[in-house]
Amino acid sequence: MSVRHFLDLAATDGQTLRAILNDAAARKAKIKNGERSKPLEGKVLAMIFEKASTRTRVSFDVAMRQLGGETLMLTGAEMQLGRSETIADTAKVLSRYVDAIMIRTTRHDRLLEMAEHATVPVINGLTDDTHPCQIMADILTFEEHRGPVKDKLFAWTGDGNNVLHSLVEASARFSFRLNIAVPAGSEPDERFIAWAKENGGRVEMFRSAKDAVTGSDCIVTDTWVSMGQEHKARGHNVFQPYQVNDELMALASPDALFMHCLPAHRGEEVTDSVIDGPHSVVFDEAENRMHAQRAVLAYCLGA
Ligand code: CP
Ligand code: NVA
């Protein structure tokens, strides 16, 4: 059997993604019920971080331990990677030691190179292009609160970044509608939109955040400046009309959810009143990173 990587939502078929989410929900229910099993006993996950992280780092670590496995936390700068050992050689070496590799890296092609040369599963813990584990947790969260995501309307407002790219892929994989409002110059990469449309996605672009969110079932946003994109930072006045505040939230469906992958920049892309308000499920999303990733690990490692 070929190695089961988890690189992107576009790289895994919809049926498999749905099975992973079903498994995540089932494992979550068992854990909440106090049932523990250790299918990954004796397995080791190496985690490489070339960028900062709180949630990804802790949720993968705890998820792996809950399954009976162990983790190694590696920082790119402290590895020979930081002294320009190639990703390919690193992948071959790590494959001799560990059972799976999770990597958060700067450039997406580094993730792909790791997957090409590793003989163990490689999991995308965020790249400049995508963040699939985040969106798996977000779909799990939406469905826990509001039932099947199919045909629901999601609205993204803010910067067209890596989290949005995975949401775009998810819209095709899970058949929900997605409205996107971004300022000129912050558009998501057209490759992702084109792929979603070719795969049955219903994605619509807007310039006005108000138009995009009207009647939506879920408003999603993220930082206006992603890690490693600081050189592209633009004046906050460009993004101000895209801020999720009470006025914008009021245009969504009355029972709409508010989502944010965190970390949030309160007072910038979202106000305290929204992120701490009744629509917000941001801490459920954070918790569900761990539950979704237990299922991703189980899928990759065949548990
Ligand atoms: N949402 C998310 O990936 O958070 P971290 O950067 O803290 O891992
Ligand atoms: N778009 C953000 C997500 C952080 C989890 C970033 O890449 O910095």
# chains A, B, ... in the order shown; residues from 1 in each chain; ligands from 1

call {"tool": "closest_atom_pairs", "arguments": {"of": "stretch 113-200 of chain A", "to": "stretch 283-296 of chain A", "cutoff": "6 Å", "atoms": "only C-alpha atoms", "output": "CSV"}}
result
residue,atom,partner,partner_atom,distance
A:Ala137,CA,A:Arg289,CA,5.0
A:Asp138,CA,A:Glu285,CA,5.7
A:Thr141,CA,A:Glu285,CA,5.8

call {"tool": "residues_around", "arguments": {"residues": "A:Leu126", "least_positions_apart": "4", "cutoff": "7 Å", "atoms": "only C-alpha atoms", "output": "compact mmCIF listing (two decimals) with C-alpha atoms, in the first residue's frame"}}
result
# COMPACT_ATOMS: atom_id res chain seq x y z
CA ARG A 104 4.78 23.40 9.50
CA THR A 105 6.89 25.06 6.88
CA THR A 130 -2.74 25.86 2.90
CA HIS A 131 -3.84 24.69 6.37

call {"tool": "closest_atom_pairs", "arguments": {"of": "chain A", "to": "ligand 2", "cutoff": "8 Å", "atoms": "only C-alpha atoms and all ligand atoms", "output": "tab-separated table"}}
result
residue	atom	partner	partner_atom_place_in_ligand_line	distance
A:Ser53	CA	ligand 2	5 (C)	7.3
A:Leu126	CA	ligand 2	7 (O)	7.1
A:Thr127	CA	ligand 2	7 (O)	7.1
A:Asp128	CA	ligand 2	7 (O)	6.1
A:His131	CA	ligand 2	3 (C)	7.6
A:Gln134	CA	ligand 2	5 (C)	8.0
A:Asn161	CA	ligand 2	1 (N)	5.8
A:Asn162	CA	ligand 2	1 (N)	5.6
A:Val163	CA	ligand 2	1 (N)	5.6
A:Asp222	CA	ligand 2	1 (N)	6.1
A:Thr223	CA	ligand 2	1 (N)	6.0
A:Trp224	CA	ligand 2	1 (N)	7.9
A:Val225	CA	ligand 2	8 (O)	6.8
A:Ser226	CA	ligand 2	8 (O)	3.4
A:Met227	CA	ligand 2	8 (O)	3.7
A:Gly228	CA	ligand 2	8 (O)	7.2
A:Gln229	CA	ligand 2	8 (O)	7.9
A:Cys261	CA	ligand 2	5 (C)	6.0
A:Leu262	CA	ligand 2	5 (C)	6.0
A:Pro263	CA	ligand 2	5 (C)	6.4

call {"tool": "write_last_selection", "arguments": {"atoms": "C-alpha atoms", "output": "mmCIF file, in the first residue's frame"}}
result
data_model
loop_
_atom_site.group_PDB
_atom_site.id
_atom_site.type_symbol
_atom_site.label_atom_id
_atom_site.label_comp_id
_atom_site.auth_asym_id
_atom_site.auth_seq_id
_atom_site.Cartn_x
_atom_site.Cartn_y
_atom_site.Cartn_z
ATOM 1 C CA SER A 53 2.582 27.584 16.775
ATOM 2 C CA LEU A 126 0.399 24.679 7.706
ATOM 3 C CA THR A 127 2.315 26.088 4.787
ATOM 4 C CA ASP A 128 2.183 29.499 3.166
ATOM 5 C CA HIS A 131 -3.836 24.691 6.369
ATOM 6 C CA GLN A 134 -7.489 23.597 10.542
ATOM 7 C CA ASN A 161 -4.571 33.493 2.707
ATOM 8 C CA ASN A 162 -3.575 29.868 3.402
ATOM 9 C CA VAL A 163 -6.572 29.152 5.659
ATOM 10 C CA ASP A 222 -8.222 35.261 9.987
ATOM 11 C CA THR A 223 -5.333 37.633 10.589
ATOM 12 C CA TRP A 224 -4.730 40.358 8.033
ATOM 13 C CA VAL A 225 -0.994 39.522 8.046
ATOM 14 C CA SER A 226 0.039 35.862 8.032
ATOM 15 C CA MET A 227 3.342 34.558 9.386
ATOM 16 C CA GLY A 228 6.110 35.135 6.879
ATOM 17 C CA GLN A 229 3.995 37.633 4.919
ATOM 18 C CA CYS A 261 -8.503 29.639 13.406
ATOM 19 C CA LEU A 262 -6.704 31.775 16.051
ATOM 20 C CA PRO A 263 -4.494 33.472 17.018
#

call {"tool": "select_by_dssp", "arguments": {"residues": "stretch 49-233 of chain A", "states": "helix (DSSP H, G or I)", "output": "JSON, numbers by chain"}}
result
{"A": [55, 56, 57, 58, 59, 60, 61, 62, 63, 64, 65, 66, 76, 77, 78, 80, 81, 82, 83, 87, 88, 89, 90, 91, 92, 93, 94, 95, 96, 97, 108, 109, 110, 111, 112, 113, 114, 115, 116, 117, 132, 133, 134, 135, 136, 137, 138, 139, 140, 141, 142, 143, 144, 145, 146, 162, 163, 164, 165, 166, 167, 168, 169, 170, 171, 172, 173, 190, 191, 192, 193, 194, 195, 196, 197, 198, 209, 210, 211, 212, 213, 230, 231, 232]}

call {"tool": "write_last_selection", "arguments": {"atoms": "C-alpha atoms", "output": "PDB file, in the first residue's frame"}}
result
ATOM      1  CA  ARG A  55      -2.543  25.049  18.783  1.00  0.00           C
ATOM      2  CA  THR A  56      -0.956  22.837  16.127  1.00  0.00           C
ATOM      3  CA  ARG A  57       1.947  22.020  18.375  1.00  0.00           C
ATOM      4  CA  VAL A  58      -0.060  21.144  21.467  1.00  0.00           C
ATOM      5  CA  SER A  59      -3.041  19.509  19.751  1.00  0.00           C
ATOM      6  CA  PHE A  60      -0.879  17.134  17.677  1.00  0.00           C
ATOM      7  CA  ASP A  61       1.232  16.292  20.701  1.00  0.00           C
ATOM      8  CA  VAL A  62      -1.760  15.513  22.893  1.00  0.00           C
ATOM      9  CA  ALA A  63      -3.615  13.698  20.080  1.00  0.00           C
ATOM     10  CA  MET A  64      -0.649  11.397  19.509  1.00  0.00           C
ATOM     11  CA  ARG A  65      -0.306  10.674  23.243  1.00  0.00           C
ATOM     12  CA  GLN A  66      -4.043   9.954  23.536  1.00  0.00           C
ATOM     13  CA  GLY A  76      13.701  23.835  11.899  1.00  0.00           C
ATOM     14  CA  ALA A  77      16.297  26.359  13.062  1.00  0.00           C
ATOM     15  CA  GLU A  78      17.798  23.882  15.540  1.00  0.00           C
ATOM     16  CA  GLN A  80      20.587  20.819  10.183  1.00  0.00           C
ATOM     17  CA  LEU A  81      17.677  21.985   8.010  1.00  0.00           C
ATOM     18  CA  GLY A  82      18.489  25.438   9.367  1.00  0.00           C
ATOM     19  CA  ARG A  83      22.056  24.988   8.019  1.00  0.00           C
ATOM     20  CA  ILE A  87      14.452  18.548   2.837  1.00  0.00           C
ATOM     21  CA  ALA A  88      14.925  15.366   0.763  1.00  0.00           C
ATOM     22  CA  ASP A  89      17.844  14.131   2.875  1.00  0.00           C
ATOM     23  CA  THR A  90      16.024  15.101   6.073  1.00  0.00           C
ATOM     24  CA  ALA A  91      12.973  13.143   4.915  1.00  0.00           C
ATOM     25  CA  LYS A  92      15.056  10.030   4.202  1.00  0.00           C
ATOM     26  CA  VAL A  93      16.832  10.221   7.561  1.00  0.00           C
ATOM     27  CA  LEU A  94      13.715  10.861   9.650  1.00  0.00           C
ATOM     28  CA  SER A  95      11.932   7.998   7.878  1.00  0.00           C
ATOM     29  CA  ARG A  96      14.542   5.649   9.395  1.00  0.00           C
ATOM     30  CA  TYR A  97      13.652   6.802  12.915  1.00  0.00           C
ATOM     31  CA  HIS A 108       4.544  24.618   0.234  1.00  0.00           C
ATOM     32  CA  ASP A 109       7.104  22.977  -2.040  1.00  0.00           C
ATOM     33  CA  ARG A 110       9.100  22.013   1.074  1.00  0.00           C
ATOM     34  CA  LEU A 111       6.093  20.011   2.271  1.00  0.00           C
ATOM     35  CA  LEU A 112       5.774  18.327  -1.134  1.00  0.00           C
ATOM     36  CA  GLU A 113       9.497  17.536  -1.225  1.00  0.00           C
ATOM     37  CA  MET A 114       9.256  16.012   2.242  1.00  0.00           C
ATOM     38  CA  ALA A 115       6.336  13.832   1.119  1.00  0.00           C
ATOM     39  CA  GLU A 116       8.137  12.790  -2.060  1.00  0.00           C
ATOM     40  CA  HIS A 117      11.202  11.551  -0.208  1.00  0.00           C
ATOM     41  CA  PRO A 132      -5.923  21.519   5.861  1.00  0.00           C
ATOM     42  CA  CYS A 133      -5.912  20.303   9.493  1.00  0.00           C
ATOM     43  CA  GLN A 134      -7.489  23.597  10.542  1.00  0.00           C
ATOM     44  CA  ILE A 135     -10.337  23.236   8.092  1.00  0.00           C
ATOM     45  CA  MET A 136     -11.005  19.603   9.063  1.00  0.00           C
ATOM     46  CA  ALA A 137     -11.462  20.867  12.634  1.00  0.00           C
ATOM     47  CA  ASP A 138     -13.691  23.681  11.391  1.00  0.00           C
ATOM     48  CA  ILE A 139     -16.010  21.367   9.459  1.00  0.00           C
ATOM     49  CA  LEU A 140     -16.236  19.096  12.501  1.00  0.00           C
ATOM     50  CA  THR A 141     -17.101  22.144  14.612  1.00  0.00           C
ATOM     51  CA  PHE A 142     -19.731  23.479  12.223  1.00  0.00           C
ATOM     52  CA  GLU A 143     -21.452  20.098  11.983  1.00  0.00           C
ATOM     53  CA  GLU A 144     -21.474  19.626  15.760  1.00  0.00           C
ATOM     54  CA  HIS A 145     -23.337  22.918  16.115  1.00  0.00           C
ATOM     55  CA  ARG A 146     -25.492  23.079  12.996  1.00  0.00           C
ATOM     56  CA  ASN A 162      -3.575  29.868   3.402  1.00  0.00           C
ATOM     57  CA  VAL A 163      -6.572  29.152   5.659  1.00  0.00           C
ATOM     58  CA  LEU A 164      -8.907  30.461   2.970  1.00  0.00           C
ATOM     59  CA  HIS A 165      -7.245  28.255   0.339  1.00  0.00           C
ATOM     60  CA  SER A 166      -8.044  25.162   2.395  1.00  0.00           C
ATOM     61  CA  LEU A 167     -11.588  26.422   2.967  1.00  0.00           C
ATOM     62  CA  VAL A 168     -11.948  26.815  -0.810  1.00  0.00           C
ATOM     63  CA  GLU A 169     -10.826  23.206  -1.293  1.00  0.00           C
ATOM     64  CA  ALA A 170     -13.211  22.096   1.451  1.00  0.00           C
ATOM     65  CA  SER A 171     -16.141  23.826  -0.255  1.00  0.00           C
ATOM     66  CA  ALA A 172     -15.753  21.432  -3.181  1.00  0.00           C
ATOM     67  CA  ARG A 173     -14.927  18.370  -1.078  1.00  0.00           C
ATOM     68  CA  GLU A 190      -6.567  31.685  -8.502  1.00  0.00           C
ATOM     69  CA  ARG A 191      -5.278  28.076  -8.672  1.00  0.00           C
ATOM     70  CA  PHE A 192      -7.399  27.157  -5.663  1.00  0.00           C
ATOM     71  CA  ILE A 193     -10.553  28.808  -6.988  1.00  0.00           C
ATOM     72  CA  ALA A 194     -10.100  27.164 -10.392  1.00  0.00           C
ATOM     73  CA  TRP A 195      -9.570  23.735  -8.799  1.00  0.00           C
ATOM     74  CA  ALA A 196     -12.684  24.126  -6.633  1.00  0.00           C
ATOM     75  CA  LYS A 197     -14.802  25.152  -9.606  1.00  0.00           C
ATOM     76  CA  GLU A 198     -13.539  22.203 -11.667  1.00  0.00           C
ATOM     77  CA  ALA A 209     -17.865  42.165   2.888  1.00  0.00           C
ATOM     78  CA  LYS A 210     -21.480  43.137   3.570  1.00  0.00           C
ATOM     79  CA  ASP A 211     -22.666  41.545   0.325  1.00  0.00           C
ATOM     80  CA  ALA A 212     -20.612  38.410   0.959  1.00  0.00           C
ATOM     81  CA  VAL A 213     -21.862  37.730   4.486  1.00  0.00           C
ATOM     82  CA  GLU A 230       5.003  40.632   7.011  1.00  0.00           C
ATOM     83  CA  HIS A 231       6.804  42.157   4.020  1.00  0.00           C
ATOM     84  CA  LYS A 232       3.445  42.249   2.216  1.00  0.00           C
TER      85      LYS A 232
END

call {"tool": "residues_around", "arguments": {"residues": "A:Lys152", "least_positions_apart": "4", "cutoff": "10 Å", "atoms": "only C-alpha atoms", "output": "list in words"}}
result
Arg146, Gly147, Pro148, Ser171, Phe174, Ser175, Phe176, Arg177, Leu178, Ser216, Asp217 and Cys218 of chain A

call {"tool": "residues_around", "arguments": {"residues": "A:Glu35", "least_positions_apart": "4", "cutoff": "12 Å", "atoms": "only C-alpha atoms", "output": "PDB file with N, CA and C atoms, in the first residue's frame"}}
result
ATOM      1  N   ALA A  26     -16.484  10.006  16.216  1.00  0.00           N
ATOM      2  CA  ALA A  26     -16.639   8.778  17.013  1.00  0.00           C
ATOM      3  C   ALA A  26     -15.562   8.708  18.098  1.00  0.00           C
ATOM      4  N   ARG A  27     -14.324   9.016  17.734  1.00  0.00           N
ATOM      5  CA  ARG A  27     -13.232   8.975  18.725  1.00  0.00           C
ATOM      6  C   ARG A  27     -13.430  10.047  19.790  1.00  0.00           C
ATOM      7  N   LYS A  28     -13.953  11.207  19.388  1.00  0.00           N
ATOM      8  CA  LYS A  28     -14.194  12.281  20.358  1.00  0.00           C
ATOM      9  C   LYS A  28     -15.240  11.823  21.386  1.00  0.00           C
ATOM     10  N   ALA A  29     -16.307  11.199  20.874  1.00  0.00           N
ATOM     11  CA  ALA A  29     -17.371  10.734  21.783  1.00  0.00           C
ATOM     12  C   ALA A  29     -16.801   9.717  22.771  1.00  0.00           C
ATOM     13  N   LYS A  30     -15.955   8.834  22.289  1.00  0.00           N
ATOM     14  CA  LYS A  30     -15.367   7.807  23.169  1.00  0.00           C
ATOM     15  C   LYS A  30     -14.484   8.442  24.243  1.00  0.00           C
ATOM     16  N   ILE A  31     -13.655   9.375  23.815  1.00  0.00           N
ATOM     17  CA  ILE A  31     -12.746  10.035  24.773  1.00  0.00           C
ATOM     18  C   ILE A  31     -13.557  10.780  25.837  1.00  0.00           C
ATOM     19  N   GLN A  66      -2.749  10.593  23.238  1.00  0.00           N
ATOM     20  CA  GLN A  66      -4.043   9.954  23.536  1.00  0.00           C
ATOM     21  C   GLN A  66      -4.187   8.639  22.784  1.00  0.00           C
ATOM     22  N   LEU A  67      -3.523   8.535  21.630  1.00  0.00           N
ATOM     23  CA  LEU A  67      -3.589   7.294  20.846  1.00  0.00           C
ATOM     24  C   LEU A  67      -2.503   6.304  21.272  1.00  0.00           C
TER      25      LEU A  67
END

call {"tool": "select_by_dssp", "arguments": {"residues": "stretch 129-237 of chain A", "states": "strand (DSSP E or B)", "output": "list in words"}}
result
Leu153, Phe154, Ala155, Trp156, Thr157, Arg177, Leu178, Asn179, Ile180, Ala181, Arg202, Val203, Glu204, Met205, Phe206, Cys218, Ile219, Val220 and Thr221 of chain A

call {"tool": "write_last_selection", "arguments": {"atoms": "N, CA and C atoms", "output": "PDB file, in the first residue's frame"}}
result
ATOM      1  N   LEU A 153     -24.050  28.057   3.528  1.00  0.00           N
ATOM      2  CA  LEU A 153     -23.298  29.177   2.945  1.00  0.00           C
ATOM      3  C   LEU A 153     -22.271  29.703   3.949  1.00  0.00           C
ATOM      4  N   PHE A 154     -20.998  29.548   3.584  1.00  0.00           N
ATOM      5  CA  PHE A 154     -19.900  30.115   4.372  1.00  0.00           C
ATOM      6  C   PHE A 154     -19.494  31.437   3.721  1.00  0.00           C
ATOM      7  N   ALA A 155     -19.050  32.383   4.550  1.00  0.00           N
ATOM      8  CA  ALA A 155     -18.557  33.662   4.010  1.00  0.00           C
ATOM      9  C   ALA A 155     -17.217  33.965   4.648  1.00  0.00           C
ATOM     10  N   TRP A 156     -16.240  34.212   3.812  1.00  0.00           N
ATOM     11  CA  TRP A 156     -14.893  34.596   4.275  1.00  0.00           C
ATOM     12  C   TRP A 156     -14.718  36.076   4.035  1.00  0.00           C
ATOM     13  N   THR A 157     -14.199  36.788   5.027  1.00  0.00           N
ATOM     14  CA  THR A 157     -13.909  38.202   4.832  1.00  0.00           C
ATOM     15  C   THR A 157     -12.531  38.516   5.405  1.00  0.00           C
ATOM     16  N   ARG A 177     -21.475  26.128  -0.060  1.00  0.00           N
ATOM     17  CA  ARG A 177     -21.257  27.348  -0.842  1.00  0.00           C
ATOM     18  C   ARG A 177     -20.290  28.256  -0.081  1.00  0.00           C
ATOM     19  N   LEU A 178     -19.499  29.011  -0.836  1.00  0.00           N
ATOM     20  CA  LEU A 178     -18.515  29.878  -0.190  1.00  0.00           C
ATOM     21  C   LEU A 178     -18.467  31.234  -0.889  1.00  0.00           C
ATOM     22  N   ASN A 179     -18.794  32.284  -0.127  1.00  0.00           N
ATOM     23  CA  ASN A 179     -18.628  33.661  -0.609  1.00  0.00           C
ATOM     24  C   ASN A 179     -17.328  34.213  -0.035  1.00  0.00           C
ATOM     25  N   ILE A 180     -16.562  34.887  -0.866  1.00  0.00           N
ATOM     26  CA  ILE A 180     -15.269  35.428  -0.427  1.00  0.00           C
ATOM     27  C   ILE A 180     -15.224  36.929  -0.684  1.00  0.00           C
ATOM     28  N   ALA A 181     -14.953  37.703   0.378  1.00  0.00           N
ATOM     29  CA  ALA A 181     -14.769  39.152   0.204  1.00  0.00           C
ATOM     30  C   ALA A 181     -13.379  39.532   0.683  1.00  0.00           C
ATOM     31  N   ARG A 202     -18.820  25.735  -5.319  1.00  0.00           N
ATOM     32  CA  ARG A 202     -19.637  26.919  -5.606  1.00  0.00           C
ATOM     33  C   ARG A 202     -19.023  28.092  -4.835  1.00  0.00           C
ATOM     34  N   VAL A 203     -18.050  28.734  -5.488  1.00  0.00           N
ATOM     35  CA  VAL A 203     -17.300  29.821  -4.850  1.00  0.00           C
ATOM     36  C   VAL A 203     -17.608  31.114  -5.580  1.00  0.00           C
ATOM     37  N   GLU A 204     -17.964  32.160  -4.819  1.00  0.00           N
ATOM     38  CA  GLU A 204     -18.255  33.459  -5.437  1.00  0.00           C
ATOM     39  C   GLU A 204     -17.395  34.542  -4.819  1.00  0.00           C
ATOM     40  N   MET A 205     -16.820  35.396  -5.664  1.00  0.00           N
ATOM     41  CA  MET A 205     -15.950  36.475  -5.181  1.00  0.00           C
ATOM     42  C   MET A 205     -16.750  37.774  -5.053  1.00  0.00           C
ATOM     43  N   PHE A 206     -16.480  38.522  -3.979  1.00  0.00           N
ATOM     44  CA  PHE A 206     -17.123  39.812  -3.722  1.00  0.00           C
ATOM     45  C   PHE A 206     -16.055  40.838  -3.366  1.00  0.00           C
ATOM     46  N   CYS A 218     -22.215  30.945   8.260  1.00  0.00           N
ATOM     47  CA  CYS A 218     -20.968  30.965   9.028  1.00  0.00           C
ATOM     48  C   CYS A 218     -20.058  32.040   8.444  1.00  0.00           C
ATOM     49  N   ILE A 219     -19.576  32.934   9.296  1.00  0.00           N
ATOM     50  CA  ILE A 219     -18.582  33.925   8.857  1.00  0.00           C
ATOM     51  C   ILE A 219     -17.220  33.473   9.374  1.00  0.00           C
ATOM     52  N   VAL A 220     -16.247  33.469   8.476  1.00  0.00           N
ATOM     53  CA  VAL A 220     -14.898  33.032   8.841  1.00  0.00           C
ATOM     54  C   VAL A 220     -13.918  34.140   8.492  1.00  0.00           C
ATOM     55  N   THR A 221     -12.979  34.391   9.396  1.00  0.00           N
ATOM     56  CA  THR A 221     -11.913  35.332   9.078  1.00  0.00           C
ATOM     57  C   THR A 221     -10.607  34.853   9.696  1.00  0.00           C
TER      58      THR A 221
END

call {"tool": "closest_residue", "arguments": {"among": "A:Leu248, A:Ala303, A:Val282, A:Val270", "to": "ligand 1", "atoms": "only C-alpha atoms and all ligand atoms"}}
result
A:Val282

call {"tool": "atom_distance", "arguments": {"atom1": "atom CA of A:Pro278", "atom2": "atom CA of A:Thr214"}}
result
17.9 Å

call {"tool": "closest_residue", "arguments": {"among": "A:Gly158, A:Gly125, A:Pro188, A:Gly277", "to": "ligand 1", "atoms": "only C-alpha atoms and all ligand atoms"}}
result
A:Gly125

call {"tool": "closest_residue", "arguments": {"among": "A:Ala52, A:Ala25, A:Ala250, A:Ile123", "to": "ligand 1", "atoms": "only C-alpha atoms and all ligand atoms"}}
result
A:Ala52

call {"tool": "atom_distance", "arguments": {"atom1": "atom CA of A:Ala19", "atom2": "atom CA of A:Lys43"}}
result
22.3 Å

call {"tool": "residues_around", "arguments": {"residues": "A:Asp272", "least_positions_apart": "6", "cutoff": "10 Å", "atoms": "only C-alpha atoms", "output": "list in words"}}
result
Val244, Asn245, Asp246, Ala264, His265 and Arg266 of chain A

call {"tool": "write_last_selection", "arguments": {"atoms": "C-alpha atoms", "output": "PDB file, in the first residue's frame"}}
result
ATOM      1  CA  VAL A 244     -16.051  41.165  11.593  1.00  0.00           C
ATOM      2  CA  ASN A 245     -17.926  43.393  14.018  1.00  0.00           C
ATOM      3  CA  ASP A 246     -21.500  43.424  15.325  1.00  0.00           C
ATOM      4  CA  ALA A 264      -6.824  36.466  16.714  1.00  0.00           C
ATOM      5  CA  HIS A 265      -5.789  40.075  16.529  1.00  0.00           C
ATOM      6  CA  ARG A 266      -8.615  41.519  18.544  1.00  0.00           C
TER       7      ARG A 266
END
